[in-house]
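Below is one structure, written out as structure tokens, with a few remarks after it.
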Amino acid sequence: MAEINKAPRGTCDVLPQDSAKWQYVEDKMIETAKIFGFSEIRVPVFEHTEVFTKSVGDTTDVVQKEMYTFLDKGDRSITLRPELTAGVVRSVIEHGLLSGPMPLKVCYIGGCYRYEKPQAGRLREFHQFGVECFGAKSPAADAEVILLADHLLKNLGLKSYSLHINSIGCPECRKNYHAALKEYFRSQSDRLCGTCLDRLERNPMRILDCKSPVCSEIAAGAPVVLDYLCDECREHFEGVKSHLTAAGIDFSVDPHIVRGLDYYTKTVFEFVSTSLGAQSTVCGGGRYDGLIEQMHGAPTPALGFGMGIERLLMIMEAENAAMPESKKPDIYLAPMGEAAALKCTALCKALRDEGFIALTDITGRGLKAQMKYADKIGARFTMVLGDDELTANKGKIKCMESGEQTEISLDEIREKLYELAYYDGITADIDSLIK
RNA sequence: GUGGAUGUAGCUUAGUUGGCCUAAAGCGCCAGUUUGUGGCACUGGAGAUCGUGGGUUCGAAUCCCAUCUUCCACCCCA
């Protein structure tokens, strides 16, 4: 039974009192990406289902049991994007962006949809910031993308995070590794948990990730991917580490990082925070050199990451990271009577044209109630306009913090606010005035 | 999908051996306390089918069943 007054499970509303935080981090994200030469791309919330099954991988949990898939009225199988990389890759191929200057660097912010059981840091609709870099196979590219994420997290004031990297090699070296893994785990198969037995044939690398005490104990003795890398992959990984070190970034090599999406090759990495619950990864990504070709584009090396915005905000909350407060109204004009109301409308328009946040009464309530309201919304200044003011064309502008009142001509409100703006952090851009 | 906890006004809670509960308080909201000024105080008001649906009972917010939500963990991932 659908509830008309309840949001669907696993979704949440960003309420007016919180939207400033979202705007703040989203601005930082785009701004940081720009510093690294990434420009925003916007792609649809839904795609043809194949876009995801062919890229994310049809044996993955994401595709197998978490996608919102439906038939549209034209009998097309449509899926709400569970992540953004696939759609972005589709888009850059479709529009020939890979024939432009290389490397191509894009970033995005958007909602993702996964039918999961909600818990701390896990929602059915969640939002990701991410970047994708196409056409760069050098380890410097891997480092740059990782540096971007680190730069952003630092700039947002995060402290409790750490970077873990690994290389899962190219399809070539992974073949050998899978064989070695299977052999190892088969020898212990009687002790593995049920899900891991499943994984043994399908994707033995996932066993390394299992959190059951027995499995992780077994996994601890398993062959390590890094020992099975081909020369090229090993060299590449060494290069990534060198670049990170050169940039002075702390990281640890964690051979147990296995990403859950099929398209990854070579470098994979995660930014993990201790300020989160069980869902401790705030940012995850890696290289996917084979994906573009797999999606019928010209073979192009590529990599990127996704960062969970809700998780990021959770960390910032937990760590008391600095967040900007939403801007308060500069002035509230309190009319008394119909004639005054007209004047207030006119004055507000003039002030708003200058960029001030100017408010007036739209409920028809009494003066006292208006003053209370002005106080509650945090207006810096108020001015009462009644018949007296209209005839004299003068009024008292009141500073709500000090209670001080100054008599001014009604024609001077704009100038008065500009004057006050110099030392009171008022909203309108005072630079234009200085010029 | 599996497991554990939870659910009373917008928020935080009181109320549970079933009957003075036709549900209470604080905060918040609205309105007043000499149509001319907010923060304090006082007064009043609106606001809850006690998550929902069944059942037991003379009687259920209180007991039983189901269901949903939220939270937490597994799984998986951001």
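Residues in the structure tokens are numbered from 1 in each chain, the chains being A, B, ... in the order shown, and ligands are numbered from 1 in the order shown.
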Near chain B, meaning an atom within 9 Å, which residues of chain A appear when counting only C-alpha atoms (C1' of nucleotides)? Write them as JSON, numbers by chain. {"A": [1, 6, 9, 61, 62, 83, 116, 117, 119, 120, 121, 122, 126, 127, 128, 195, 259, 260, 278, 279, 281, 282, 283, 284, 306, 307, 308, 309, 310, 311, 336, 366, 367, 368, 369, 370, 371, 372, 373, 374, 375, 376, 383, 384, 386, 400]}
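Excluding A48 (chain B) and any residue on its chain fewer than 4 positions from it, the residues at most 9 Å away by only C-alpha atoms (C1' of nucleotides) are U8, A9 and A23 of chain B.
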Please report, as CSV, each residue of region 238-273 of chain A lying at most 6 Å from region 149-162 of chain A, together with the nearest pair of atoms and the separation in Å rounded to one decimal; use only C-alpha atoms, and order rows by chain and ascending residue number.
```
residue,atom,partner,partner_atom,distance
A:Phe271,CA,A:Ser162,CA,5.6
A:Val272,CA,A:Tyr161,CA,5.4
A:Ser273,CA,A:Tyr161,CA,4.2
```
Could you name the residues that touch region 347-350 of chain A at 10 Å or less, counting only C-alpha atoms (C1' of nucleotides), but leaving out those on the same chain fewer than 2 positions away, as a list of chain:residue names? A:Ile331, A:Tyr332, A:Leu333, A:Ala341, A:Leu342, A:Lys343, A:Cys344, A:Thr345, A:Arg352, A:Asp353, A:Glu354, A:Gly355, A:Phe356, A:Ile357, A:Ala358, A:Leu359, A:Thr360, A:Leu410, A:Asp411, A:Ile413, A:Arg414
Among region 273-403 of chain A, which residues carry a DSSP assignment of helix (DSSP H, G or I), reported as a ChimeraX atom specification? /A:291-294,309-318,338-353,367-376,387-392
So which residues touch A25 (chain B) within 12 Å, counting only C-alpha atoms (C1' of nucleotides), skipping near sequence neighbours fewer than 5 positions away, as an MDAnalysis selection string? chainID B and resid 9 12:15
Non-local contacts of Thr406 (chain A) (8 Å; only C-alpha atoms (C1' of nucleotides); under 2 positions in same chain excluded) as a PyMOL selection string: chain A and resi 396-398+404+408
In region 97-344 of chain A, DSSP strand (DSSP E or B) residues written as a VMD selection string: chain A and resid 104 to 113 119 122 125 to 134 161 to 167 252 to 253 265 to 273 281 to 287 302 to 308 331 to 335
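Using only C-alpha atoms (C1' of nucleotides), the contacts of region 139-143 of chain A at a cut-off of 8 Å, with sequence neighbours closer than 2 positions omitted, comprise Cys133, Ala136, Lys137, Val145, Ile146, Leu147, His236, Phe237, Gly239, Val240, Lys241, His243, Leu244, Thr267, Gly286, Arg287 and Leu303 of chain A.
Every protein, DNA or RNA residue with an atom at most 9 Å from region 21-37 of chain A, where only C-alpha atoms (C1' of nucleotides) count and chain neighbours fewer than 6 positions away do not, is listed here: Val14, Lys105, Val106, Cys107, Tyr108, Ile109, Phe129, Gly130, Val131, Glu144, Val145, Leu148, Ala149, His151, Leu152, Asn155, Leu156, Ile309, Leu312, Leu313, Met323, Pro324, Glu325 and Ser326 of chain A.
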Writing out the chosen residues with C-alpha atoms as a short mmCIF file (atom, residue, chain, number, x, y, z; two decimals), in the first residue's frame:
```cif
data_model
loop_
_atom_site.label_atom_id
_atom_site.label_comp_id
_atom_site.auth_asym_id
_atom_site.auth_seq_id
_atom_site.Cartn_x
_atom_site.Cartn_y
_atom_site.Cartn_z
CA VAL A 14 17.25 17.40 1.46
CA LYS A 105 38.52 14.81 -18.65
CA VAL A 106 34.95 14.99 -17.41
CA CYS A 107 33.25 15.09 -14.03
CA TYR A 108 29.67 14.69 -12.90
CA ILE A 109 27.28 14.92 -10.00
CA PHE A 129 30.39 13.00 -7.58
CA GLY A 130 32.85 11.43 -9.95
CA VAL A 131 35.44 12.03 -12.61
CA GLU A 144 46.22 12.63 -10.94
CA VAL A 145 42.77 11.19 -10.44
CA LEU A 148 42.00 15.04 -7.22
CA ALA A 149 39.96 13.01 -4.75
CA HIS A 151 42.60 17.35 -2.78
CA LEU A 152 38.83 17.55 -2.50
CA ASN A 155 39.69 20.92 1.16
CA LEU A 156 36.44 19.89 2.73
CA ILE A 309 27.95 12.57 -1.41
CA LEU A 312 30.84 12.49 2.52
CA LEU A 313 28.32 14.66 4.35
CA MET A 323 30.07 24.24 6.82
CA PRO A 324 28.83 27.58 5.60
CA GLU A 325 25.61 28.91 7.02
CA SER A 326 22.90 29.90 4.63
#
```
